[in-house]
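Structure data (mmCIF, C-alpha atoms) from model.cif:
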```cif
data_model
#
loop_
_atom_site.label_atom_id
_atom_site.label_comp_id
_atom_site.auth_asym_id
_atom_site.auth_seq_id
_atom_site.Cartn_x
_atom_site.Cartn_y
_atom_site.Cartn_z
CA MET B 1 0.00 0.00 0.00
CA ALA B 2 1.30 3.42 -0.95
CA TYR B 3 2.11 6.08 1.65
CA GLU B 4 1.96 3.73 4.64
CA ARG B 5 4.89 5.44 6.32
CA LEU B 6 3.44 8.87 5.59
CA ASP B 7 0.03 7.91 6.97
CA GLU B 8 1.62 6.42 10.09
CA ALA B 9 3.77 9.54 10.60
CA LEU B 10 0.71 11.78 10.19
CA ARG B 11 -1.30 9.68 12.68
CA GLN B 12 1.59 9.86 15.14
CA LEU B 13 1.85 13.62 14.64
CA LYS B 14 -1.89 14.00 15.27
CA THR B 15 -1.67 11.82 18.40
CA ASP B 16 1.31 13.80 19.68
CA ARG B 17 -0.50 17.08 19.04
CA GLU B 18 -3.64 15.90 20.85
CA ARG B 19 -1.54 14.72 23.80
CA GLU B 20 0.27 18.07 23.89
CA GLU B 21 -3.02 19.99 23.82
CA ALA B 22 -4.41 17.83 26.64
CA THR B 23 -1.26 18.45 28.70
CA GLU B 24 -1.46 22.21 28.10
CA LYS B 25 -5.12 22.20 29.08
CA GLN B 26 -4.33 20.25 32.25
CA GLN B 27 -1.47 22.64 33.13
CA LYS B 28 -3.68 25.65 32.55
CA LYS B 29 -6.36 24.17 34.81
CA ALA B 30 -3.77 23.39 37.51
CA GLY B 31 -2.45 26.96 37.23
CA GLU B 32 -5.93 28.43 37.64
CA GLU B 33 -6.61 26.19 40.63
CA ALA B 34 -3.29 27.22 42.21
CA ARG B 35 -4.07 30.93 41.63
CA MET B 36 -7.45 30.51 43.27
CA ARG B 37 -5.85 28.67 46.18
CA PHE B 38 -3.33 31.50 46.59
CA ALA B 39 -6.22 33.99 46.61
CA GLN B 40 -7.89 31.96 49.36
CA ILE B 41 -4.64 31.82 51.33
CA LYS B 42 -4.22 35.59 50.96
CA SER B 43 -7.70 36.28 52.28
CA ALA B 44 -7.90 33.58 54.97
CA VAL B 45 -4.31 33.31 56.19
CA ILE B 46 -1.90 36.07 55.18
CA GLY B 47 -4.29 39.03 55.18
CA PRO B 48 -5.65 38.39 58.71
CA ILE B 49 -2.10 37.96 60.09
CA PHE B 50 -0.88 41.15 58.41
CA ASN B 51 -3.96 42.94 59.78
CA GLU B 52 -3.16 41.65 63.30
CA VAL B 53 0.36 43.10 63.00
CA VAL B 54 -1.09 46.42 61.80
CA THR B 55 -3.38 46.45 64.85
CA HIS B 56 -0.41 45.84 67.18
CA LEU B 57 1.58 48.61 65.50
CA ALA B 58 -1.31 51.08 65.70
CA ALA B 59 -1.91 50.25 69.37
CA GLU B 60 1.66 51.38 70.08
CA GLY B 61 1.39 54.49 67.89
CA PHE B 62 3.20 53.21 64.80
CA PHE B 63 2.08 52.94 61.20
CA GLY B 64 1.34 49.74 59.37
CA GLU B 65 -0.94 48.78 56.51
CA THR B 66 -1.88 45.74 54.51
CA VAL B 67 -1.91 46.26 50.75
CA ASP B 68 -3.71 43.64 48.67
CA GLU B 69 -4.51 44.03 45.00
CA GLN B 70 -8.00 42.56 44.90
CA SER B 71 -8.34 42.86 41.12
CA ASP B 72 -6.08 39.88 40.38
CA ALA B 73 -6.05 36.77 42.54
CA SER B 74 -2.36 36.12 41.86
CA GLU B 75 -1.17 39.63 42.78
CA PRO B 76 1.05 39.93 45.85
CA ILE B 77 -0.04 41.03 49.31
CA SER B 78 2.17 43.39 51.32
CA LEU B 79 2.66 44.53 54.88
CA ASN B 80 4.00 48.08 54.92
CA VAL B 81 5.52 49.21 58.21
CA ASN B 82 6.89 52.60 59.28
CA LEU B 83 8.48 52.83 62.71
CA SER B 84 10.27 56.10 61.95
CA GLU B 85 9.73 59.13 64.13
CA ASP B 86 10.95 61.45 61.41
CA GLU B 87 12.33 61.30 57.89
CA GLY B 88 15.90 60.91 59.15
CA CYS B 89 15.42 57.40 60.46
CA SER B 90 14.90 54.56 58.02
CA ARG B 91 12.92 52.10 60.07
CA GLN B 92 10.36 51.40 57.42
CA GLY B 93 9.91 48.56 55.05
CA THR B 94 7.68 46.10 53.30
CA LEU B 95 7.13 42.38 53.69
CA GLN B 96 5.52 40.95 50.58
CA VAL B 97 4.14 37.54 49.73
CA ARG B 98 3.80 36.76 46.05
CA PHE B 99 2.69 33.76 44.08
CA ASN B 100 5.27 32.27 41.71
CA LEU B 101 3.18 31.28 38.69
CA ASP B 102 5.91 29.03 37.29
CA LYS B 103 6.51 26.99 40.42
CA TYR B 104 3.10 27.31 42.14
CA ARG B 105 4.84 28.45 45.31
CA CYS B 106 4.54 31.41 47.67
CA GLU B 107 7.59 33.61 48.07
CA PHE B 108 8.40 36.08 50.85
CA GLY B 109 10.30 39.22 50.00
CA ARG B 110 11.51 42.17 52.07
CA SER B 111 12.44 45.73 51.37
CA THR B 112 13.54 48.70 53.38
CA MET B 113 13.95 52.34 52.56
CA ALA B 114 17.54 53.39 52.13
CA LYS B 115 18.52 56.54 53.98
CA THR B 116 19.86 58.10 50.78
CA SER B 117 17.06 57.04 48.48
CA SER B 118 13.35 57.58 48.22
CA THR B 119 12.86 54.27 46.45
CA ASN B 120 12.84 50.74 47.69
CA GLN B 121 13.16 47.37 46.05
CA ILE B 122 11.68 44.15 47.31
CA VAL B 123 14.22 41.36 47.42
CA PHE B 124 13.03 37.78 47.17
CA GLY B 125 15.56 35.22 48.34
CA ASN B 126 15.13 31.50 48.74
CA ASP B 127 12.21 31.94 51.12
CA HIS B 128 9.51 30.08 49.21
CA HIS B 129 6.87 27.67 50.39
CA SER B 130 4.34 25.34 48.84
CA LEU B 131 0.70 26.36 49.13
CA ASP B 132 0.23 23.60 51.72
CA GLU B 133 2.94 25.14 53.92
CA MET B 134 1.21 28.53 54.08
CA THR B 135 -0.29 28.34 57.55
CA MET B 136 -1.28 31.00 60.05
CA GLU B 137 1.76 30.04 62.12
CA LEU B 138 4.17 30.52 59.21
CA ALA B 139 2.62 33.86 58.21
CA ARG B 140 2.68 35.06 61.83
CA GLU B 141 6.31 33.98 62.27
CA LYS B 142 7.43 35.74 59.07
CA ALA B 143 5.52 38.95 59.85
CA GLU B 144 6.74 39.08 63.44
CA ARG B 145 10.35 38.37 62.42
CA PHE B 146 10.14 41.14 59.80
CA VAL B 147 8.96 43.75 62.32
CA LEU B 148 11.43 42.58 64.97
CA ASP B 149 14.27 42.85 62.44
CA LEU B 150 13.05 46.32 61.47
CA ILE B 151 13.01 47.37 65.14
CA ALA B 152 16.50 45.97 65.68
CA GLY B 153 17.76 47.79 62.60
CA LYS B 154 18.76 44.56 60.85
CA LEU B 155 17.02 45.59 57.66
CA SER B 156 18.64 49.00 57.26
CA HIS B 157 20.65 49.65 54.15
#
```
In structure tokens, what does this structure look like?
Amino acid sequence: MAYERLDEALRQLKTDREREEATEKQQKKAGEEARMRFAQIKSAVIGPIFNEVVTHLAAEGFFGETVDEQSDASEPISLNVNLSEDEGCSRQGTLQVRFNLDKYRCEFGRSTMAKTSSTNQIVFGNDHHSLDEMTMELAREKAERFVLDLIAGKLSH
């Protein structure tokens, strides 16, 4: 029969393409589910902890705020803290939790204001956790450590 090899190659190509499309669809679904899970973690775990820290700061006369971009479920959530009495002291910074879309992991980043600069940059190190690891205890520990480091001056540039 003519074109047997061609027909077989075309069938294999079609099978490979269908398998690839199914894999892409499955990955897209997993990504959407992970984004939604991160949104739930932000609202049920991280946000309440950050708000507790803000309450503690305000009770002692210091500034703190939680910043959460509600428009996109995968946007980061931040805890902004300012312990400065005036502009000369640089005891202010941000703790941010973001969702890594490639790895489906949460990452913690920190920034502080440099004394000589009006800008800040959030630095993300190797502090990343699976969605299952994102508990109230972990969020509380990270937020408390951030503020304690800020108080101790360990985050100053």
Using only C-alpha atoms, determine which residues lie at most 10 Å from stretch 47-54 of chain B, disregarding the query and same-chain residues fewer than 4 positions distant; provide the list as an MDAnalysis selection string. chainID B and resid 40:43 58:59 62:68 77:81 95 136:144 147
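Of the listed residues B:Leu6, B:Val97, B:Leu13, B:Leu148, the one whose atoms come nearest to B:Val123 is B:Val97, with distances taken using all atoms listed in the file.
Using the PyMOL selection byres ((chain B and resi 98) around 10) on the file at hand returns these residues: Phe38, Lys42, Ser74, Glu75, Pro76, Ile77, Ser78, Gln96, Val97, Phe99, Asn100, Leu101, Arg105, Cys106, Glu107, Phe108, Gly109, Phe124 and His128 of chain B.
Taking atom CA of B:Asp132 and atom CA of B:Val45 as endpoints, the distance between them is 11.6 Å.
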Please write out, as lines of an AutoDock Vina configuration file, where the centre of an axis-aligned box around all listed atoms of stretch 140-156 of chain B lies and how long its edges are, in Å to one decimal, after adding 6 Å on each side.
```
center_x = 10.7
center_y = 41.5
center_z = 61.5
size_x = 28.1
size_y = 27.0
size_z = 20.4
```
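When atom CA of B:Ala39 is paired with atom CA of B:Thr135, their separation reads 13.7 Å.
Minimum atom-to-atom distances from B:Gln121, B:Leu150, B:Gln70, B:Gly61 to B:Gln92 were compared using all atoms listed in the file, and the lowest value belongs to B:Leu150.
With distances taken over all atoms listed in the file, B:Phe146 is the one residue among B:Met36, B:Ala44, B:Phe146, B:Asp16 lying closest to B:Thr94.
If you look at atom CA of B:Leu57 and atom CA of B:Gly153, they are 16.5 Å away from each other.
Nearest to B:Gln27 of all the residues B:Tyr104, B:Asp149, B:His129, B:Arg110 is B:Tyr104, counting all atoms listed in the file.
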